[in-house]
file final23.cif (mmCIF, C-alpha atoms, pLDDT in the B column; chains and numbers go by the auth columns)
data_work
loop_
_atom_site.group_PDB
_atom_site.id
_atom_site.type_symbol
_atom_site.label_atom_id
_atom_site.label_comp_id
_atom_site.label_asym_id
_atom_site.label_seq_id
_atom_site.Cartn_x
_atom_site.Cartn_y
_atom_site.Cartn_z
_atom_site.B_iso_or_equiv
_atom_site.auth_seq_id
_atom_site.auth_asym_id
ATOM 1 C CA MET A 1 135.244 6.869 -6.543 36.00 1 A
ATOM 2 C CA GLU A 2 132.331 4.488 -6.174 43.00 2 A
ATOM 3 C CA TYR A 3 132.839 0.737 -6.420 44.00 3 A
ATOM 4 C CA VAL A 4 130.857 -0.851 -9.215 47.00 4 A
ATOM 5 C CA TYR A 5 130.891 -4.600 -9.611 49.00 5 A
ATOM 6 C CA ARG A 6 131.630 -5.869 -13.084 54.00 6 A
ATOM 7 C CA PRO A 7 132.658 -9.461 -13.723 53.00 7 A
ATOM 8 C CA SER A 8 135.964 -9.689 -15.523 59.00 8 A
ATOM 9 C CA ASP A 9 136.023 -11.105 -19.008 60.00 9 A
ATOM 10 C CA ASP A 10 139.462 -12.644 -18.515 71.00 10 A
ATOM 11 C CA ILE A 11 137.865 -15.795 -17.127 75.00 11 A
ATOM 12 C CA GLU A 12 136.846 -16.691 -20.675 77.00 12 A
ATOM 13 C CA ASN A 13 140.554 -17.313 -21.293 80.00 13 A
ATOM 14 C CA LEU A 14 140.324 -20.317 -18.964 81.00 14 A
ATOM 15 C CA LEU A 15 137.623 -21.852 -21.110 84.00 15 A
ATOM 16 C CA GLU A 16 139.548 -21.172 -24.313 86.00 16 A
ATOM 17 C CA GLU A 17 142.668 -22.758 -22.847 86.00 17 A
ATOM 18 C CA ALA A 18 140.675 -25.788 -21.714 86.00 18 A
ATOM 19 C CA SER A 19 139.488 -26.170 -25.309 85.00 19 A
ATOM 20 C CA ASN A 20 143.081 -26.396 -26.556 89.00 20 A
ATOM 21 C CA PRO A 21 143.543 -29.932 -27.968 89.00 21 A
ATOM 22 C CA GLN A 22 147.284 -29.837 -27.228 92.00 22 A
ATOM 23 C CA LEU A 23 146.806 -29.656 -23.465 91.00 23 A
ATOM 24 C CA ALA A 24 146.849 -32.802 -21.361 91.00 24 A
ATOM 25 C CA ASP A 25 143.502 -33.867 -19.895 89.00 25 A
ATOM 26 C CA PRO A 26 144.517 -33.262 -16.251 88.00 26 A
ATOM 27 C CA ILE A 27 145.311 -29.634 -17.052 90.00 27 A
ATOM 28 C CA LYS A 28 142.036 -29.233 -18.939 92.00 28 A
ATOM 29 C CA VAL A 29 140.136 -30.596 -15.936 92.00 29 A
ATOM 30 C CA ILE A 30 141.887 -28.199 -13.570 91.00 30 A
ATOM 31 C CA LEU A 31 141.202 -25.241 -15.885 91.00 31 A
ATOM 32 C CA LEU A 32 137.543 -26.203 -16.308 94.00 32 A
ATOM 33 C CA TYR A 33 136.987 -26.612 -12.590 94.00 33 A
ATOM 34 C CA THR A 34 138.698 -23.295 -11.921 92.00 34 A
ATOM 35 C CA TYR A 35 136.389 -21.765 -14.524 94.00 35 A
ATOM 36 C CA PHE A 36 133.362 -23.167 -12.678 95.00 36 A
ATOM 37 C CA GLU A 37 134.695 -21.632 -9.444 93.00 37 A
ATOM 38 C CA LYS A 38 135.249 -18.203 -10.970 92.00 38 A
ATOM 39 C CA VAL A 39 131.827 -18.089 -12.622 93.00 39 A
ATOM 40 C CA SER A 40 130.293 -19.155 -9.311 93.00 40 A
ATOM 41 C CA ALA A 41 132.135 -16.414 -7.446 90.00 41 A
ATOM 42 C CA ASN A 42 130.796 -13.842 -9.938 90.00 42 A
ATOM 43 C CA VAL A 43 127.237 -15.042 -9.328 92.00 43 A
ATOM 44 C CA ILE A 44 127.688 -14.873 -5.562 91.00 44 A
ATOM 45 C CA VAL A 45 129.169 -11.373 -5.662 89.00 45 A
ATOM 46 C CA ALA A 46 126.425 -10.126 -7.984 88.00 46 A
ATOM 47 C CA SER A 47 123.734 -11.697 -5.794 87.00 47 A
ATOM 48 C CA GLY A 48 124.219 -9.072 -3.137 81.00 48 A
ATOM 49 C CA GLU A 49 124.120 -11.610 -0.300 82.00 49 A
ATOM 50 C CA ARG A 50 126.417 -9.778 2.095 81.00 50 A
ATOM 51 C CA LYS A 51 127.015 -12.687 4.467 83.00 51 A
ATOM 52 C CA LEU A 52 127.896 -14.946 1.574 79.00 52 A
ATOM 53 C CA LYS A 53 130.206 -12.367 0.004 77.00 53 A
ATOM 54 C CA ALA A 54 131.951 -11.942 3.343 80.00 54 A
ATOM 55 C CA ILE A 55 132.869 -15.622 3.506 85.00 55 A
ATOM 56 C CA LEU A 56 133.385 -16.140 -0.234 83.00 56 A
ATOM 57 C CA CYS A 57 137.135 -16.638 0.087 82.00 57 A
ATOM 58 C CA ARG A 58 136.679 -19.200 2.856 87.00 58 A
ATOM 59 C CA LEU A 59 134.026 -21.246 1.052 87.00 59 A
ATOM 60 C CA SER A 60 135.146 -24.547 -0.358 90.00 60 A
ATOM 61 C CA SER A 61 134.921 -24.792 -4.120 90.00 61 A
ATOM 62 C CA LYS A 62 132.125 -27.350 -3.790 92.00 62 A
ATOM 63 C CA LYS A 63 130.014 -25.047 -1.614 92.00 63 A
ATOM 64 C CA ARG A 64 130.770 -22.037 -3.815 93.00 64 A
ATOM 65 C CA ILE A 65 129.561 -23.797 -6.961 95.00 65 A
ATOM 66 C CA ASN A 66 126.508 -25.328 -5.271 94.00 66 A
ATOM 67 C CA ARG A 67 125.511 -21.962 -3.805 93.00 67 A
ATOM 68 C CA ALA A 68 125.845 -20.225 -7.172 95.00 68 A
ATOM 69 C CA LEU A 69 123.717 -22.936 -8.770 96.00 69 A
ATOM 70 C CA ALA A 70 121.110 -22.475 -6.044 95.00 70 A
ATOM 71 C CA ILE A 71 121.038 -18.717 -6.676 94.00 71 A
ATOM 72 C CA LEU A 72 120.568 -19.233 -10.423 96.00 72 A
ATOM 73 C CA ARG A 73 117.940 -21.905 -9.882 95.00 73 A
ATOM 74 C CA LYS A 74 116.006 -19.827 -7.376 93.00 74 A
ATOM 75 C CA GLY A 75 116.094 -16.870 -9.750 92.00 75 A
ATOM 76 C CA GLY A 76 114.625 -18.959 -12.545 94.00 76 A
ATOM 77 C CA PHE A 77 117.745 -18.826 -14.707 96.00 77 A
ATOM 78 C CA LEU A 78 118.286 -22.605 -14.730 95.00 78 A
ATOM 79 C CA SER A 79 115.840 -25.316 -15.680 95.00 79 A
ATOM 80 C CA GLU A 80 115.865 -28.497 -13.653 94.00 80 A
ATOM 81 C CA ASP A 81 117.698 -30.377 -16.413 96.00 81 A
ATOM 82 C CA GLU A 82 120.327 -27.649 -16.778 96.00 82 A
ATOM 83 C CA TYR A 83 120.807 -27.564 -13.024 96.00 83 A
ATOM 84 C CA LYS A 84 121.332 -31.329 -12.859 96.00 84 A
ATOM 85 C CA ALA A 85 123.716 -31.345 -15.847 96.00 85 A
ATOM 86 C CA ILE A 86 125.859 -28.516 -14.495 97.00 86 A
ATOM 87 C CA ARG A 87 125.951 -29.995 -11.018 96.00 87 A
ATOM 88 C CA ARG A 88 126.894 -33.454 -12.358 96.00 88 A
ATOM 89 C CA VAL A 89 129.718 -32.085 -14.514 96.00 89 A
ATOM 90 C CA ALA A 90 131.018 -29.936 -11.634 96.00 90 A
ATOM 91 C CA ARG A 91 131.004 -32.991 -9.348 95.00 91 A
ATOM 92 C CA VAL A 92 132.913 -35.135 -11.832 94.00 92 A
ATOM 93 C CA LEU A 93 135.417 -32.351 -12.569 94.00 93 A
ATOM 94 C CA ARG A 94 136.012 -31.899 -8.834 93.00 94 A
ATOM 95 C CA CYS A 95 136.594 -35.620 -8.392 92.00 95 A
ATOM 96 C CA LEU A 96 139.006 -35.757 -11.343 90.00 96 A
ATOM 97 C CA ARG A 97 140.811 -32.629 -10.223 90.00 97 A
ATOM 98 C CA ASN A 98 141.300 -34.071 -6.755 88.00 98 A
ATOM 99 C CA THR A 99 142.608 -37.323 -8.198 86.00 99 A
ATOM 100 C CA PHE A 100 145.059 -35.483 -10.450 82.00 100 A
ATOM 101 C CA LEU A 101 146.216 -33.170 -7.670 77.00 101 A
ATOM 102 C CA HIS A 102 146.425 -35.809 -4.961 78.00 102 A
ATOM 103 C CA GLN A 103 147.486 -39.150 -6.401 75.00 103 A
ATOM 104 C CA VAL A 104 146.925 -40.797 -3.042 72.00 104 A
ATOM 105 C CA CYS A 105 143.173 -40.256 -3.437 67.00 105 A
ATOM 106 C CA GLU A 106 142.930 -42.826 -6.237 65.00 106 A
ATOM 107 C CA SER A 107 139.181 -42.339 -6.210 67.00 107 A
ATOM 108 C CA SER A 108 137.046 -43.924 -8.861 79.00 108 A
ATOM 109 C CA CYS A 109 135.595 -40.932 -10.630 84.00 109 A
ATOM 110 C CA PRO A 110 132.914 -41.330 -13.267 87.00 110 A
ATOM 111 C CA SER A 111 134.158 -40.784 -16.792 87.00 111 A
ATOM 112 C CA ILE A 112 133.336 -37.599 -18.625 90.00 112 A
ATOM 113 C CA ASP A 113 133.738 -36.319 -22.134 93.00 113 A
ATOM 114 C CA LEU A 114 135.720 -33.091 -21.869 93.00 114 A
ATOM 115 C CA GLY A 115 133.934 -31.708 -24.936 93.00 115 A
ATOM 116 C CA GLU A 116 130.630 -32.169 -23.112 95.00 116 A
ATOM 117 C CA ALA A 117 132.124 -30.582 -19.984 95.00 117 A
ATOM 118 C CA ILE A 118 133.192 -27.544 -22.015 94.00 118 A
ATOM 119 C CA ASN A 119 129.678 -27.221 -23.471 95.00 119 A
ATOM 120 C CA VAL A 120 128.160 -27.434 -19.989 96.00 120 A
ATOM 121 C CA ALA A 121 130.663 -24.828 -18.762 95.00 121 A
ATOM 122 C CA ARG A 122 129.520 -22.535 -21.580 94.00 122 A
ATOM 123 C CA LEU A 123 125.890 -23.096 -20.591 96.00 123 A
ATOM 124 C CA PHE A 124 126.712 -22.315 -16.951 96.00 124 A
ATOM 125 C CA SER A 125 128.553 -19.174 -18.017 94.00 125 A
ATOM 126 C CA LEU A 126 125.652 -18.086 -20.250 94.00 126 A
ATOM 127 C CA ARG A 127 123.080 -18.507 -17.473 96.00 127 A
ATOM 128 C CA ALA A 128 125.368 -16.784 -14.978 94.00 128 A
ATOM 129 C CA ARG A 129 125.899 -13.886 -17.412 92.00 129 A
ATOM 130 C CA GLU A 130 122.123 -13.533 -17.871 93.00 130 A
ATOM 131 C CA TYR A 131 121.684 -13.398 -14.106 93.00 131 A
ATOM 132 C CA ILE A 132 124.551 -10.958 -13.582 90.00 132 A
ATOM 133 C CA ASP A 133 123.333 -8.681 -16.390 89.00 133 A
ATOM 134 C CA LYS A 134 119.850 -8.616 -14.847 90.00 134 A
ATOM 135 C CA VAL A 135 121.276 -7.766 -11.433 87.00 135 A
ATOM 136 C CA LEU A 136 123.585 -5.093 -12.825 82.00 136 A
ATOM 137 C CA ASN A 137 120.711 -3.559 -14.792 82.00 137 A
ATOM 138 C CA SER A 138 118.608 -3.440 -11.646 77.00 138 A
ATOM 139 C CA TRP A 139 121.474 -1.634 -9.882 66.00 139 A
ATOM 140 C CA SER A 140 121.681 1.072 -12.533 63.00 140 A
ATOM 141 C CA VAL A 141 119.796 4.224 -11.801 51.00 141 A
ATOM 142 C CA ASP A 142 117.837 5.509 -14.723 47.00 142 A
ATOM 143 C CA SER A 143 117.632 9.236 -14.911 39.00 143 A
ATOM 144 C CA PRO A 144 114.088 10.532 -14.906 43.00 144 A
ATOM 145 C CA LYS A 145 112.859 11.360 -18.381 42.00 145 A
ATOM 146 C CA SER A 146 111.788 14.875 -19.111 36.00 146 A
ATOM 147 C CA LEU A 147 108.288 15.395 -20.303 35.00 147 A
#
call {"tool": "encode", "arguments": {"input": "final23.cif", "output": "structure tokens"}}
result
Amino acid sequence: MEYVYRPSDDIENLLEEASNPQLADPIKVILLYTYFEKVSANVIVASGERKLKAILCRLSSKKRINRALAILRKGGFLSEDEYKAIRRVARVLRCLRNTFLHQVCESSCPSIDLGEAINVARLFSLRAREYIDKVLNSWSVDSPKSL
């Protein structure tokens, strides 16, 4: 049996849960940041960069997300404005997540509207999906057409 990479659709559940108005904000932040990490991992795996895939599990979440953004940007899947918006939201979510997880940090994170963060997460996911679909299509072998 041959291994074929396909990103799992279960990560969309994280985004849906983060959209739940009944959840507390700290949980939404953690879910959103985890979503960013999972989407980033899918981009890295689809990229085919063997060295990067080999160390994927050891990469910090910050490096994983930044590397995925770099791959999308280099491939022309992100405009400069989209890149900056996604990177800013990921940075703020990371800061908030760290503050919620480690109370001793007490860092002063910039404020963020979680509705905006969810929209940016959807944009990131859309661009990542476009990239992954292009890569997967390039991996498929078309059978030669008969004349």
call {"tool": "atom_distance", "arguments": {"input": "final23.cif", "atom1": "atom CA of Leu126 of chain A", "atom2": "atom CA of Lys63 of chain A"}}
result
20.4 Å
call {"tool": "closest_residue", "arguments": {"input": "final23.cif", "among": "A:Asn98, A:Asn119, A:Gln103, A:Asn13", "to": "Val29 of chain A", "atoms": "all atoms listed in the file"}}
result
A:Asn98
call {"tool": "residues_around", "arguments": {"input": "final23.cif", "residues": "Val43 of chain A", "least_positions_apart": "3", "cutoff": "7 Å", "atoms": "only C-alpha atoms", "output": "list in words"}}
result
Val39, Ser40, Ala46, Ser47, Ala68, Ala128 and Ile132 of chain A
call {"tool": "resolve_selection", "arguments": {"input": "final23.cif", "expression": "the PyMOL selection byres ((chain A and resi 75-87) around 9)", "output": "list in words"}}
result
Ile65, Asn66, Leu69, Ala70, Ile71, Leu72, Arg73, Lys74, Arg88, Val89, Ala90, Arg91, Val92, Ala117, Val120, Ala121, Leu123, Phe124, Arg127, Ala128, Glu130 and Tyr131 of chain A
call {"tool": "closest_residue", "arguments": {"input": "final23.cif", "among": "A:Ala41, A:His102, A:Glu16, A:Leu56", "to": "Lys28 of chain A", "atoms": "all atoms listed in the file"}}
result
A:Glu16
call {"tool": "atom_distance", "arguments": {"input": "final23.cif", "atom1": "atom CA of Arg122 of chain A", "atom2": "atom CA of Arg58 of chain A"}}
result
25.7 Å
call {"tool": "closest_residue", "arguments": {"input": "final23.cif", "among": "A:Asn137, A:Cys95, A:Arg67, A:Pro110", "to": "Asn42 of chain A", "atoms": "only C-alpha atoms"}}
result
A:Arg67
call {"tool": "atom_distance", "arguments": {"input": "final23.cif", "atom1": "atom CA of Ile30 of chain A", "atom2": "atom CA of Arg97 of chain A"}}
result
5.7 Å
call {"tool": "closest_residue", "arguments": {"input": "final23.cif", "among": "A:Thr99, A:Val104, A:Ile118, A:Ile55", "to": "Pro26 of chain A", "atoms": "all atoms listed in the file"}}
result
A:Thr99
call {"tool": "residues_around", "arguments": {"input": "final23.cif", "residues": "Leu31 of chain A", "least_positions_apart": "4", "cutoff": "7 Å", "atoms": "all atoms listed in the file", "output": "list of chain:residue names"}}
result
A:Leu14, A:Ala18, A:Ile27, A:Tyr35
call {"tool": "closest_residue", "arguments": {"input": "final23.cif", "among": "A:Asp10, A:Val135, A:Arg129, A:Leu15", "to": "Thr34 of chain A", "atoms": "all atoms listed in the file"}}
result
A:Leu15
